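Enquirer: Dropping in final_1.cif, with mmCIF, C-alpha atoms and all ligand atoms.
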```cif
data_final
#
loop_
_atom_site.label_atom_id
_atom_site.label_comp_id
_atom_site.auth_asym_id
_atom_site.auth_seq_id
_atom_site.Cartn_x
_atom_site.Cartn_y
_atom_site.Cartn_z
CA MET E 2 -9.60 -0.42 32.27
CA GLN E 3 -6.41 -2.41 32.54
CA HIS E 4 -3.05 -0.73 32.99
CA MET E 5 -0.85 -3.82 32.82
CA LYS E 6 0.47 -5.02 29.49
CA GLN E 7 -2.07 -7.57 28.30
CA GLU E 8 -0.69 -11.02 27.75
CA ILE E 9 -1.28 -12.68 24.40
CA LYS E 10 -2.55 -16.16 25.22
CA ARG E 11 -3.51 -17.40 21.78
CA THR E 12 -1.64 -17.04 18.51
CA LEU E 13 -4.52 -16.24 16.15
CA VAL E 14 -4.46 -12.58 15.13
CA LEU E 15 -7.26 -10.61 13.51
CA GLY E 16 -6.29 -7.72 11.19
CA VAL E 17 -8.68 -4.90 10.32
CA GLU E 18 -8.08 -2.44 7.46
CA SER E 19 -10.36 0.55 6.82
CA SER E 20 -8.03 3.44 5.98
CA CYS E 21 -9.53 4.36 2.61
CA ASP E 22 -11.97 2.69 0.24
CA GLU E 23 -11.41 -0.98 1.02
CA THR E 24 -12.71 -2.89 4.02
CA GLY E 25 -10.29 -5.71 4.77
CA ILE E 26 -10.27 -8.49 7.35
CA GLY E 27 -7.36 -10.90 7.76
CA LEU E 28 -6.61 -13.81 10.07
CA ALA E 29 -2.99 -14.77 10.65
CA GLU E 30 -1.31 -17.21 12.98
CA VAL E 31 1.86 -15.99 14.70
CA GLY E 32 4.80 -17.94 13.26
CA ARG E 33 2.67 -19.58 10.57
CA GLY E 34 1.29 -16.82 8.37
CA LEU E 35 -2.04 -16.03 6.82
CA LEU E 36 -5.06 -18.30 7.35
CA ALA E 37 -7.80 -16.39 5.53
CA HIS E 38 -8.79 -12.93 4.44
CA ARG E 39 -11.80 -11.13 3.03
CA LEU E 40 -11.97 -7.84 1.17
CA PHE E 41 -14.70 -5.50 0.03
CA SER E 42 -13.74 -2.79 -2.44
CA GLN E 43 -15.89 0.35 -2.59
CA ILE E 44 -14.84 1.20 -6.15
CA ASP E 45 -18.40 1.03 -7.52
CA LEU E 46 -19.64 3.26 -4.70
CA HIS E 47 -17.19 6.08 -5.46
CA ALA E 48 -16.95 5.72 -9.25
CA ALA E 49 -19.93 8.01 -9.83
CA TYR E 50 -18.09 10.83 -8.03
CA GLY E 51 -14.73 10.34 -9.77
CA GLY E 52 -12.90 9.73 -6.49
CA VAL E 53 -13.27 8.60 -2.90
CA VAL E 54 -15.98 10.42 -0.92
CA PRO E 55 -14.75 10.11 2.69
CA GLU E 56 -18.14 10.12 4.41
CA LEU E 57 -19.55 7.47 2.07
CA ALA E 58 -16.41 5.40 2.67
CA SER E 59 -16.89 5.51 6.47
CA ARG E 60 -20.55 4.52 6.23
CA ASP E 61 -19.77 1.62 3.95
CA HIS E 62 -17.01 0.31 6.25
CA VAL E 63 -19.67 0.16 9.00
CA ARG E 64 -21.84 -2.02 6.78
CA ARG E 65 -19.10 -4.42 5.64
CA VAL E 66 -16.86 -5.07 8.58
CA VAL E 67 -18.96 -7.58 10.58
CA PRO E 68 -20.07 -9.74 7.60
CA LEU E 69 -16.45 -9.86 6.37
CA LEU E 70 -15.24 -10.96 9.80
CA ARG E 71 -17.86 -13.75 9.88
CA GLU E 72 -16.82 -14.93 6.41
CA ALA E 73 -13.11 -14.90 7.25
CA LEU E 74 -13.65 -16.80 10.50
CA ALA E 75 -15.75 -19.40 8.67
CA ALA E 76 -13.08 -19.75 5.96
CA ALA E 77 -10.38 -20.30 8.59
CA GLY E 78 -12.60 -22.66 10.61
CA CYS E 79 -12.20 -20.49 13.70
CA GLY E 80 -14.39 -18.61 16.13
CA LEU E 81 -14.04 -15.36 18.05
CA GLN E 82 -12.94 -17.34 21.12
CA ASP E 83 -9.79 -18.41 19.22
CA LEU E 84 -8.52 -14.83 18.75
CA GLY E 85 -5.44 -13.79 20.70
CA ALA E 86 -5.10 -10.17 19.53
CA VAL E 87 -6.69 -7.64 17.18
CA GLY E 88 -4.43 -5.50 14.99
CA TYR E 89 -5.98 -2.61 13.14
CA THR E 90 -4.87 0.20 10.83
CA THR E 91 -4.46 3.30 13.01
CA GLY E 92 -3.16 5.49 10.17
CA PRO E 93 -2.32 7.07 7.87
CA GLY E 94 -5.63 7.41 6.07
CA LEU E 95 -9.04 9.08 6.09
CA ALA E 96 -10.00 10.01 9.64
CA GLY E 97 -13.62 8.84 9.49
CA ALA E 98 -12.75 5.61 7.73
CA LEU E 99 -9.95 4.86 10.21
CA LEU E 100 -12.33 5.48 13.12
CA VAL E 101 -14.70 2.76 11.92
CA GLY E 102 -12.00 0.08 11.92
CA ALA E 103 -10.48 1.41 15.14
CA SER E 104 -13.71 1.45 17.13
CA PHE E 105 -14.74 -1.95 15.77
CA ALA E 106 -11.36 -3.50 16.61
CA GLU E 107 -11.16 -1.87 20.02
CA ALA E 108 -14.69 -2.90 20.99
CA LEU E 109 -14.07 -6.47 19.87
CA ALA E 110 -10.74 -6.70 21.70
CA PHE E 111 -12.30 -5.24 24.86
CA SER E 112 -15.19 -7.69 24.78
CA LEU E 113 -12.83 -10.65 24.33
CA ASP E 114 -10.31 -9.28 26.86
CA ILE E 115 -7.46 -9.48 24.36
CA PRO E 116 -4.99 -6.76 23.30
CA ALA E 117 -5.78 -4.29 20.52
CA ILE E 118 -2.61 -3.43 18.61
CA PRO E 119 -2.31 -0.33 16.40
CA ILE E 120 -0.72 -1.07 13.03
CA HIS E 121 0.78 1.41 10.58
CA HIS E 122 -0.84 1.02 7.16
CA LEU E 123 2.48 1.38 5.33
CA GLU E 124 4.10 -1.27 7.49
CA GLY E 125 1.34 -3.57 6.27
CA HIS E 126 2.25 -2.74 2.66
CA LEU E 127 6.00 -3.05 3.36
CA LEU E 128 5.72 -6.55 4.77
CA SER E 129 3.09 -7.77 2.27
CA PRO E 130 5.62 -9.33 -0.16
CA MET E 131 6.50 -11.69 2.70
CA LEU E 132 3.04 -13.23 2.28
CA SER E 133 4.14 -14.80 -1.00
CA GLN E 134 5.41 -18.33 -1.57
CA ASP E 135 8.99 -17.21 -1.98
CA PRO E 136 9.36 -14.36 0.52
CA PRO E 137 12.36 -12.00 0.68
CA GLU E 138 14.68 -12.08 3.66
CA PHE E 139 15.70 -9.00 5.65
CA PRO E 140 17.41 -6.65 4.99
CA PHE E 141 15.96 -5.20 1.81
CA VAL E 142 15.20 -1.93 0.06
CA ALA E 143 11.48 -1.26 -0.19
CA LEU E 144 9.91 0.87 -2.88
CA LEU E 145 6.55 1.87 -1.49
CA VAL E 146 4.29 3.18 -4.24
CA SER E 147 0.69 3.82 -3.27
CA GLY E 148 -1.97 6.46 -3.79
CA GLY E 149 -0.64 8.55 -0.92
CA HIS E 150 3.06 7.68 -0.71
CA THR E 151 6.17 7.20 -2.81
CA GLN E 152 9.05 6.23 -0.57
CA LEU E 153 12.26 4.28 -0.62
CA MET E 154 13.09 2.65 2.69
CA ARG E 155 15.83 0.48 4.05
CA VAL E 156 14.11 -2.33 5.93
CA GLY E 157 16.42 -4.06 8.40
CA GLY E 158 13.71 -6.10 10.13
CA VAL E 159 10.28 -5.70 11.69
CA GLY E 160 10.09 -2.10 12.97
CA ASP E 161 13.48 -1.17 11.52
CA TYR E 162 12.59 1.27 8.74
CA GLU E 163 14.95 3.96 7.52
CA LEU E 164 13.58 6.50 5.06
CA LEU E 165 15.99 6.90 2.13
CA GLY E 166 13.92 9.20 -0.04
CA GLU E 167 10.37 10.18 -0.94
CA SER E 168 8.25 12.34 -3.20
CA VAL E 169 8.36 16.06 -2.56
CA ASP E 170 4.85 16.44 -4.02
CA ASP E 171 2.42 13.95 -5.59
CA ALA E 172 2.74 10.23 -4.93
CA ALA E 173 3.16 7.95 -7.96
CA GLY E 174 -0.37 6.56 -7.59
CA GLU E 175 -1.76 10.06 -7.19
CA ALA E 176 0.01 11.09 -10.41
CA PHE E 177 -1.59 8.13 -12.20
CA ASP E 178 -5.01 9.02 -10.80
CA LYS E 179 -4.81 12.74 -11.59
CA THR E 180 -3.41 12.16 -15.08
CA ALA E 181 -6.10 9.57 -15.78
CA LYS E 182 -8.76 12.12 -14.83
CA LEU E 183 -7.12 14.71 -17.07
CA ILE E 184 -7.31 12.49 -20.12
CA GLY E 185 -10.90 11.49 -19.42
CA LEU E 186 -10.46 8.10 -17.76
CA GLY E 187 -12.60 7.05 -14.82
CA TYR E 188 -11.79 6.23 -11.23
CA PRO E 189 -9.65 4.48 -10.14
CA GLY E 190 -7.27 6.05 -12.61
CA GLY E 191 -4.15 3.91 -12.17
CA PRO E 192 -5.45 0.63 -13.57
CA ALA E 193 -7.43 2.45 -16.32
CA LEU E 194 -4.41 4.48 -17.40
CA SER E 195 -2.13 1.45 -17.46
CA ARG E 196 -4.65 -0.48 -19.58
CA LEU E 197 -4.76 2.40 -22.07
CA ALA E 198 -0.96 2.73 -21.99
CA ALA E 199 -0.64 -0.91 -23.06
CA THR E 200 -2.30 0.03 -26.37
CA GLY E 201 -0.05 3.04 -27.04
CA VAL E 202 3.57 3.63 -27.96
CA PRO E 203 5.90 5.47 -25.57
CA GLY E 204 8.30 7.97 -27.14
CA ARG E 205 5.88 9.54 -29.62
CA PHE E 206 5.37 12.23 -27.01
CA LYS E 207 8.33 13.43 -24.97
CA LEU E 208 7.64 13.86 -21.29
CA PRO E 209 10.26 14.75 -18.64
CA ARG E 210 11.72 12.21 -16.18
CA PRO E 211 11.46 14.49 -13.12
CA MET E 212 14.46 14.52 -10.77
CA ILE E 213 16.00 11.47 -12.41
CA HIS E 214 19.44 13.13 -12.24
CA SER E 215 18.96 14.84 -8.87
CA GLY E 216 21.69 12.69 -7.32
CA ASP E 217 19.46 11.77 -4.37
CA LEU E 218 16.52 9.45 -3.79
CA MET E 219 13.81 12.09 -3.90
CA PHE E 220 10.94 12.07 -6.40
CA SER E 221 8.61 14.65 -7.90
CA PHE E 222 5.55 13.71 -9.93
CA SER E 223 3.31 16.76 -9.95
CA GLY E 224 5.03 18.35 -12.97
CA LEU E 225 4.35 15.27 -15.04
CA LYS E 226 0.58 15.71 -14.97
CA THR E 227 1.04 19.36 -15.95
CA ALA E 228 3.21 18.22 -18.88
CA VAL E 229 0.41 15.84 -19.91
CA LEU E 230 -2.12 18.67 -19.68
CA THR E 231 0.11 20.91 -21.81
CA ALA E 232 0.45 18.16 -24.45
CA THR E 233 -3.33 17.72 -24.68
CA ARG E 234 -3.74 21.48 -25.21
CA GLN E 235 -1.51 21.65 -28.28
CA PRO E 236 -3.53 22.50 -31.41
CA GLU E 237 -2.20 19.41 -33.22
CA PHE E 238 -3.28 17.04 -30.42
CA ASP E 239 -6.23 14.79 -31.18
CA ALA E 240 -7.97 12.17 -29.06
CA SER E 241 -6.55 9.26 -31.08
CA GLN E 242 -3.13 10.08 -29.56
CA THR E 243 -4.30 9.63 -25.96
CA ALA E 244 -2.99 6.06 -25.73
CA ASP E 245 0.49 7.18 -26.86
CA LEU E 246 0.42 9.96 -24.28
CA ALA E 247 -0.65 7.49 -21.57
CA ALA E 248 2.17 5.13 -22.62
CA GLU E 249 4.73 7.92 -22.40
CA PHE E 250 3.40 9.05 -19.02
CA GLN E 251 3.66 5.51 -17.68
CA ALA E 252 7.16 5.10 -19.13
CA ALA E 253 8.25 8.35 -17.45
CA VAL E 254 6.98 7.23 -14.02
CA VAL E 255 8.45 3.75 -14.42
CA ASP E 256 11.83 5.13 -15.58
CA VAL E 257 12.12 7.37 -12.53
CA LEU E 258 10.93 4.73 -10.05
CA CYS E 259 13.32 2.20 -11.53
CA ALA E 260 16.34 4.55 -11.62
CA LYS E 261 15.86 5.61 -8.00
CA ALA E 262 15.19 2.07 -6.75
CA LEU E 263 18.43 0.88 -8.38
CA ALA E 264 20.28 3.85 -6.91
CA ALA E 265 18.92 2.91 -3.47
CA LEU E 266 20.24 -0.64 -3.89
CA LYS E 267 23.62 0.78 -4.82
CA GLN E 268 23.66 3.25 -1.94
CA THR E 269 22.75 0.62 0.67
CA GLY E 270 24.82 -2.18 -0.86
CA LEU E 271 21.75 -4.45 -0.75
CA SER E 272 20.62 -6.82 -3.49
CA ARG E 273 16.96 -7.35 -2.59
CA LEU E 274 14.31 -4.88 -3.69
CA VAL E 275 10.74 -5.19 -2.48
CA VAL E 276 7.92 -3.31 -4.18
CA ALA E 277 4.72 -2.65 -2.27
CA GLY E 278 1.54 -0.59 -2.60
CA GLY E 279 -1.11 -0.25 -5.29
CA VAL E 280 1.23 0.94 -8.08
CA GLY E 281 3.16 -2.30 -7.54
CA ALA E 282 0.37 -3.92 -9.57
CA ASN E 283 1.54 -2.01 -12.65
CA ALA E 284 2.65 -4.56 -15.25
CA SER E 285 5.19 -2.28 -16.90
CA LEU E 286 6.83 -1.38 -13.57
CA ARG E 287 7.05 -5.08 -12.73
CA GLU E 288 8.60 -5.98 -16.06
CA VAL E 289 11.19 -3.17 -16.06
CA LEU E 290 12.24 -3.77 -12.46
CA LYS E 291 12.59 -7.52 -13.04
CA ARG E 292 14.78 -6.92 -16.07
CA GLU E 293 16.93 -4.16 -14.56
CA THR E 294 17.52 -5.87 -11.20
CA ALA E 295 18.45 -9.13 -12.96
CA ARG E 296 21.05 -7.22 -15.00
CA ARG E 297 22.65 -6.13 -11.73
CA ARG E 298 22.53 -9.53 -10.01
CA ALA E 299 19.86 -8.17 -7.71
CA ARG E 300 16.34 -9.43 -7.27
CA VAL E 301 12.95 -7.80 -7.02
CA TYR E 302 10.05 -9.16 -4.97
CA PHE E 303 6.42 -8.19 -5.46
CA PRO E 304 3.42 -8.95 -3.33
CA GLU E 305 0.86 -11.26 -4.94
CA LEU E 306 -1.54 -9.04 -6.91
CA GLU E 307 -4.33 -9.54 -4.36
CA TYR E 308 -2.08 -8.04 -1.65
CA CYS E 309 -0.88 -5.04 -3.70
CA SER E 310 -3.80 -2.77 -2.96
CA ASP E 311 -5.25 -2.28 0.50
CA ASN E 312 -6.32 -5.44 2.32
CA GLY E 313 -6.75 -6.90 5.78
CA ALA E 314 -4.33 -9.77 5.20
CA MET E 315 -1.32 -7.46 5.32
CA ILE E 316 -2.53 -5.87 8.57
CA ALA E 317 -3.08 -9.25 10.26
CA PHE E 318 0.29 -10.43 8.96
CA ALA E 319 2.15 -7.29 10.10
CA CYS E 320 0.54 -7.63 13.53
CA ALA E 321 1.52 -11.32 13.74
CA MET E 322 5.10 -10.47 12.71
CA ARG E 323 5.27 -7.77 15.39
CA ILE E 324 4.07 -10.24 18.03
CA GLN E 325 6.59 -12.82 16.83
CA ALA E 326 9.37 -10.22 17.08
CA GLY E 327 8.15 -9.16 20.55
CA LYS E 328 7.41 -5.70 19.17
CA GLN E 329 3.67 -5.51 19.68
CA GLY E 330 3.99 -2.85 22.38
CA ALA E 331 1.62 -2.63 25.30
CA GLY E 332 -1.51 -2.51 23.13
CA THR E 333 -3.84 0.46 23.33
CA GLN E 334 -5.56 -0.74 26.54
CA GLY E 335 -8.73 0.97 25.42
CA ALA E 336 -7.14 4.43 25.13
CA PHE E 337 -6.92 4.63 21.39
CA ALA E 338 -6.44 7.37 18.84
CA ILE E 339 -6.34 7.28 15.08
CA ARG E 340 -3.46 8.94 13.23
CA PRO E 341 -4.60 10.18 9.81
CA ARG E 342 -1.05 11.54 9.28
CA TRP E 343 1.67 9.27 10.61
CA PRO E 344 5.24 9.09 9.21
CA LEU E 345 6.45 5.49 9.12
CA SER E 346 9.81 6.59 10.49
CA GLU E 347 8.04 7.44 13.78
CA ILE E 348 7.28 3.83 14.63
CA ALA E 349 9.74 1.50 16.35
O1 LIG E 401 -1.90 0.93 -1.91
P1 LIG E 401 -3.17 1.41 -2.48
O2 LIG E 401 -4.25 0.42 -2.79
O3 LIG E 401 -3.85 2.49 -1.59
C1 LIG E 401 -3.14 3.44 -0.89
O4 LIG E 401 -2.70 3.13 0.24
O5 LIG E 401 -2.98 4.53 -1.47
O6 LIG E 401 -2.77 2.20 -3.83
C2 LIG E 401 -3.74 2.75 -4.64
C3 LIG E 401 -3.06 3.45 -5.80
C4 LIG E 401 -4.02 4.29 -6.61
O7 LIG E 401 -3.43 5.56 -6.85
C5 LIG E 401 -4.16 3.49 -7.91
O8 LIG E 401 -4.46 4.28 -9.03
C6 LIG E 401 -2.78 2.87 -8.01
O9 LIG E 401 -2.47 2.50 -6.69
N1 LIG E 401 -2.77 1.70 -8.91
C7 LIG E 401 -2.07 1.63 -10.05
C8 LIG E 401 -2.35 0.37 -10.62
N2 LIG E 401 -3.21 -0.30 -9.80
C9 LIG E 401 -3.44 0.53 -8.75
N3 LIG E 401 -1.24 2.52 -10.63
C10 LIG E 401 -0.67 2.16 -11.79
N4 LIG E 401 -0.89 0.99 -12.41
C11 LIG E 401 -1.72 0.06 -11.87
N5 LIG E 401 -1.92 -1.11 -12.49
ZN ZN E 402 -2.45 1.39 0.92
#
```
Output the file's structure as structure tokens, nothing else.
Ligand code: KG4
Ligand code: ZN

Expert:
Amino acid sequence: MQHMKQEIKRTLVLGVESSCDETGIGLAEVGRGLLAHRLFSQIDLHAAYGGVVPELASRDHVRRVVPLLREALAAAGCGLQDLGAVGYTTGPGLAGALLVGASFAEALAFSLDIPAIPIHHLEGHLLSPMLSQDPPEFPFVALLVSGGHTQLMRVGGVGDYELLGESVDDAAGEAFDKTAKLIGLGYPGGPALSRLAATGVPGRFKLPRPMIHSGDLMFSFSGLKTAVLTATRQPEFDASQTADLAAEFQAAVVDVLCAKALAALKQTGLSRLVVAGGVGANASLREVLKRETARRRARVYFPELEYCSDNGAMIAFACAMRIQAGKQGAGTQGAFAIRPRWPLSEIA
């Protein structure tokens, strides 16, 4: 085992994502950006169970990771010998699923004698809007809205993340998923609920906008699903009203996310807002944030839709950006650990 910091001799970086139910492989060139990526989503595998089954997720990552790497290398016209470093999602996420990506990445890096670099999953999401044609510049406010997290951060540069506020209970994506289940929609709930919401009218039901006037940048979404449950249990409720209820639920989440994101811009004095994570794919959230930021001479940036949910491109890209900024650390040097729980504010 080596104890010296491993030198990075080549600029091609492999990114490996396996924190939940997507196996992702990305190839990025330091200073140039993404070359290729491949993704396998396990949605069909878990749909029968109504949610992610961790052990099935781990086993499927094992099956997918090598073929995806081969495909991505072929698409980029590269070989293993061209790799200069391997970045992989160390956490947060499902322990077993993380272990698959970690052991794969570590073994590959060891065999090629190149550094293995742990990457924080949320940093991947945070930087993913920079993969687009018209990327935002630092500093910006990031609204991170995924299945596990709802956070507002001030992003000063690579590794410079200040937490401004977060959910005290359910994440926005989790609220979408749980509410979708409640009203009889399948997994994954977020996209299904937003499709149904598009056919309904908000305002026919009245749901709360939790913590919208709390005067800080904290969120709470767990009460909203209870409010939906209560509405469905009223004697006058019938199934034909489900779309209206979904529309009102979505409007409530979007209202709160938008109000707090604008408050964060005001508090930090910044004019760039970046939205990242799976809920960033929500069409209504996109539309409202575009309109409201424009009214305030601010601007909102979204990742391309293919980089909103989990993917390997964002991990390769985050790793390449860290190397470019000289912030890749010493690498794991073979002594690696996964971090299923890992606050973003703990990384430097
Ligand atoms: O970032 P992501 O792919 O995985 C995590 O790191 O959690 O986010 C997944 C979450 C799920 O809760 C999913 O329901 C939600 O993003 N989501 C959506 C939409 N597409 C995905 N929520 C609302 N509207 C959507 N269109
Ligand atoms: Zn994610």

Enquirer: Anything within 9 Å of (-5.4, 19.7, -15.9): list those residues as a list of chain:residue names, counting only C-alpha atoms and sticking to the file's coordinates.

Expert: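 The residues near that point, listed by chain and number, are E:Lys179, E:Thr180, E:Lys182, E:Leu183, E:Ile184, E:Lys226, E:Thr227, E:Val229, E:Leu230, E:Thr231.
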
Enquirer: Could you write those residues out with C-alpha atoms, as a compact mmCIF listing (two decimals), keeping the file's coordinate frame?

Expert:
```
# COMPACT_ATOMS: atom_id res chain seq x y z
CA LYS E 179 -4.81 12.74 -11.59
CA THR E 180 -3.41 12.16 -15.08
CA LYS E 182 -8.76 12.12 -14.83
CA LEU E 183 -7.12 14.71 -17.07
CA ILE E 184 -7.31 12.49 -20.12
CA LYS E 226 0.58 15.71 -14.97
CA THR E 227 1.04 19.36 -15.95
CA VAL E 229 0.41 15.84 -19.91
CA LEU E 230 -2.12 18.67 -19.68
CA THR E 231 0.11 20.91 -21.81
```

Enquirer: Find, counting all atoms listed in the file, the residue in E:Ala252, E:Ala244, E:Ala76, E:Val169 that gets nearest to E:Phe222.

Expert: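 With all atoms listed in the file as the atom set, the closest residue is E:Val169.
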
Enquirer: Mind listing the residues within 6 Å of ligand LIG 401 (chain E), all atoms listed in the file counted, as a count of residues only?

Expert: 19

Enquirer: Using only C-alpha atoms and all ligand atoms, find each residue with an atom at most 10 Å away from ligand ZN 402 (chain E) and format the answer as a ChimeraX atom specification.

Expert: /E:18-23,93-94,122-127,145-150,277-280,308-312,315

Enquirer: Just how far from atom CA of E:Leu194 is atom CA of E:Ala181, in Å to one decimal?

Expert: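 Interatomic distance, atom CA of E:Ala181 to atom CA of E:Leu194: 5.6 Å.
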
Enquirer: Pick from E:Leu99, E:Leu197, E:Leu40, E:Ile120: nearest to E:Gln329, with all atoms listed in the file counted?

Expert: E:Ile120

Enquirer: Applying 10 Å and all atoms listed in the file, which residues near E:Arg11 remain after dropping the ones on its own chain fewer than 6 positions away? List them as a list in words.

Expert: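 Once the nearby chain positions are removed, what remains is Glu30, Val31, Gln82, Asp83, Leu84, Gly85, Ala86 and Ile115 of chain E.
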
Enquirer: With distances taken over all atoms listed in the file, which residue among E:Cys79, E:Leu186, E:Ala58, E:Ile118 lies nearest E:Ile324?

Expert: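 Closest residue, counting all atoms listed in the file: E:Ile118.
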
Enquirer: Please identify all polymer residues within 9 Å of E:Gln251, counting all atoms listed in the file, omitting same-chain residues fewer than 3 positions from it, and present them as a ChimeraX atom specification.

Expert: /E:177,194-195,198,203,246-248,254-256,285-286

Enquirer: Just the residues within 9 Å of E:Gly34, please, counting all atoms listed in the file, with nothing from its chain fewer than 3 positions along; format it as a PyMOL selection string.

Expert: chain E and resi 28-31+132+317-318+321-322

Enquirer: Considering all atoms listed in the file, state which residue in the set E:Val275, E:Thr90, E:Ala77, E:Glu8 is at the smallest distance from E:Ile339.

Expert: E:Thr90

Enquirer: Figure out the distance between atom CA of E:Leu258 and atom CA of E:Ala299, please, to one decimal in Å.

Expert: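 Going from atom CA of E:Ala299 over to atom CA of E:Leu258 covers 15.9 Å.
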
Enquirer: Between E:Ala37, E:Ala284, E:Val257, E:His121, single out the one closest to E:Leu13, counting only C-alpha atoms.

Expert: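 Of E:Ala37, E:Ala284, E:Val257, E:His121, the one nearest E:Leu13, counting only C-alpha atoms, is E:Ala37.
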
Enquirer: Find the residue from E:Pro236, E:Pro140, E:Gly102, E:Gly78 that sits nearest to E:Ser272; use only C-alpha atoms when measuring.

Expert: E:Pro140

Enquirer: As JSON, please report the centre and edge lengths, rounded to one decimal in Å, of the axis-aligned box that holds all listed atoms of stretch 245-255 of chain E with 4 Å of padding on each of the six sides.

Expert:
```
{"center_x": 3.9, "center_y": 6.9, "center_z": -20.4, "size_x": 17.1, "size_y": 14.2, "size_z": 20.8}
```

Enquirer: Kindly give the distance, in Å, that separates atom CA of E:Arg155 and atom CA of E:Thr269, rounded to a single decimal.

Expert: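 Interatomic distance here is 7.7 Å.
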
Enquirer: So that I can see what lies close to stretch 105-114 of chain E, please list as a compact mmCIF listing (two decimals) with C-alpha atoms, keeping the file's coordinate frame the residues with an atom at most 9 Å from it, counting only C-alpha atoms and leaving out residues fewer than 4 positions away in the same chain.

Expert:
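Written out: around.txt:
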```txt
# COMPACT_ATOMS: atom_id res chain seq x y z
CA GLN E 7 -2.07 -7.57 28.30
CA LEU E 15 -7.26 -10.61 13.51
CA GLY E 16 -6.29 -7.72 11.19
CA VAL E 17 -8.68 -4.90 10.32
CA VAL E 63 -19.67 0.16 9.00
CA VAL E 66 -16.86 -5.07 8.58
CA VAL E 67 -18.96 -7.58 10.58
CA LEU E 81 -14.04 -15.36 18.05
CA GLN E 82 -12.94 -17.34 21.12
CA LEU E 84 -8.52 -14.83 18.75
CA GLY E 85 -5.44 -13.79 20.70
CA ALA E 86 -5.10 -10.17 19.53
CA VAL E 87 -6.69 -7.64 17.18
CA GLY E 88 -4.43 -5.50 14.99
CA TYR E 89 -5.98 -2.61 13.14
CA LEU E 100 -12.33 5.48 13.12
CA VAL E 101 -14.70 2.76 11.92
CA ILE E 118 -2.61 -3.43 18.61
CA THR E 333 -3.84 0.46 23.33
CA GLN E 334 -5.56 -0.74 26.54
CA GLY E 335 -8.73 0.97 25.42
CA PHE E 337 -6.92 4.63 21.39
```

Enquirer: Can you find the residues with an atom no farther than 12 Å from (19.0, 3.4, -9.7), counting only C-alpha atoms, and report them as a PDB file with C-alpha atoms, in the coordinates of the input?

Expert:
```
ATOM      1  CA  VAL E 142      15.200  -1.930   0.060  1.00  0.00           C
ATOM      2  CA  LEU E 144       9.910   0.870  -2.880  1.00  0.00           C
ATOM      3  CA  LEU E 153      12.260   4.280  -0.620  1.00  0.00           C
ATOM      4  CA  ILE E 213      16.000  11.470 -12.410  1.00  0.00           C
ATOM      5  CA  HIS E 214      19.440  13.130 -12.240  1.00  0.00           C
ATOM      6  CA  SER E 215      18.960  14.840  -8.870  1.00  0.00           C
ATOM      7  CA  GLY E 216      21.690  12.690  -7.320  1.00  0.00           C
ATOM      8  CA  ASP E 217      19.460  11.770  -4.370  1.00  0.00           C
ATOM      9  CA  LEU E 218      16.520   9.450  -3.790  1.00  0.00           C
ATOM     10  CA  MET E 219      13.810  12.090  -3.900  1.00  0.00           C
ATOM     11  CA  VAL E 255       8.450   3.750 -14.420  1.00  0.00           C
ATOM     12  CA  ASP E 256      11.830   5.130 -15.580  1.00  0.00           C
ATOM     13  CA  VAL E 257      12.120   7.370 -12.530  1.00  0.00           C
ATOM     14  CA  LEU E 258      10.930   4.730 -10.050  1.00  0.00           C
ATOM     15  CA  CYS E 259      13.320   2.200 -11.530  1.00  0.00           C
ATOM     16  CA  ALA E 260      16.340   4.550 -11.620  1.00  0.00           C
ATOM     17  CA  LYS E 261      15.860   5.610  -8.000  1.00  0.00           C
ATOM     18  CA  ALA E 262      15.190   2.070  -6.750  1.00  0.00           C
ATOM     19  CA  LEU E 263      18.430   0.880  -8.380  1.00  0.00           C
ATOM     20  CA  ALA E 264      20.280   3.850  -6.910  1.00  0.00           C
ATOM     21  CA  ALA E 265      18.920   2.910  -3.470  1.00  0.00           C
ATOM     22  CA  LEU E 266      20.240  -0.640  -3.890  1.00  0.00           C
ATOM     23  CA  LYS E 267      23.620   0.780  -4.820  1.00  0.00           C
ATOM     24  CA  GLN E 268      23.660   3.250  -1.940  1.00  0.00           C
ATOM     25  CA  THR E 269      22.750   0.620   0.670  1.00  0.00           C
ATOM     26  CA  GLY E 270      24.820  -2.180  -0.860  1.00  0.00           C
ATOM     27  CA  LEU E 274      14.310  -4.880  -3.690  1.00  0.00           C
ATOM     28  CA  LEU E 290      12.240  -3.770 -12.460  1.00  0.00           C
ATOM     29  CA  GLU E 293      16.930  -4.160 -14.560  1.00  0.00           C
ATOM     30  CA  THR E 294      17.520  -5.870 -11.200  1.00  0.00           C
ATOM     31  CA  ARG E 297      22.650  -6.130 -11.730  1.00  0.00           C
ATOM     32  CA  ALA E 299      19.860  -8.170  -7.710  1.00  0.00           C
TER      33      ALA E 299
END
```

Enquirer: Give me the residues within 6 Å of E:Pro130 as a PDB file with C-alpha atoms, in the frame of the given file, counting only C-alpha atoms and dropping any in the same chain fewer than 2 places off.

Expert:
```pdb
ATOM      1  CA  LEU E 128       5.720  -6.550   4.770  1.00  0.00           C
ATOM      2  CA  LEU E 132       3.040 -13.230   2.280  1.00  0.00           C
ATOM      3  CA  SER E 133       4.140 -14.800  -1.000  1.00  0.00           C
ATOM      4  CA  PHE E 303       6.420  -8.190  -5.460  1.00  0.00           C
ATOM      5  CA  PRO E 304       3.420  -8.950  -3.330  1.00  0.00           C
TER       6      PRO E 304
END
```
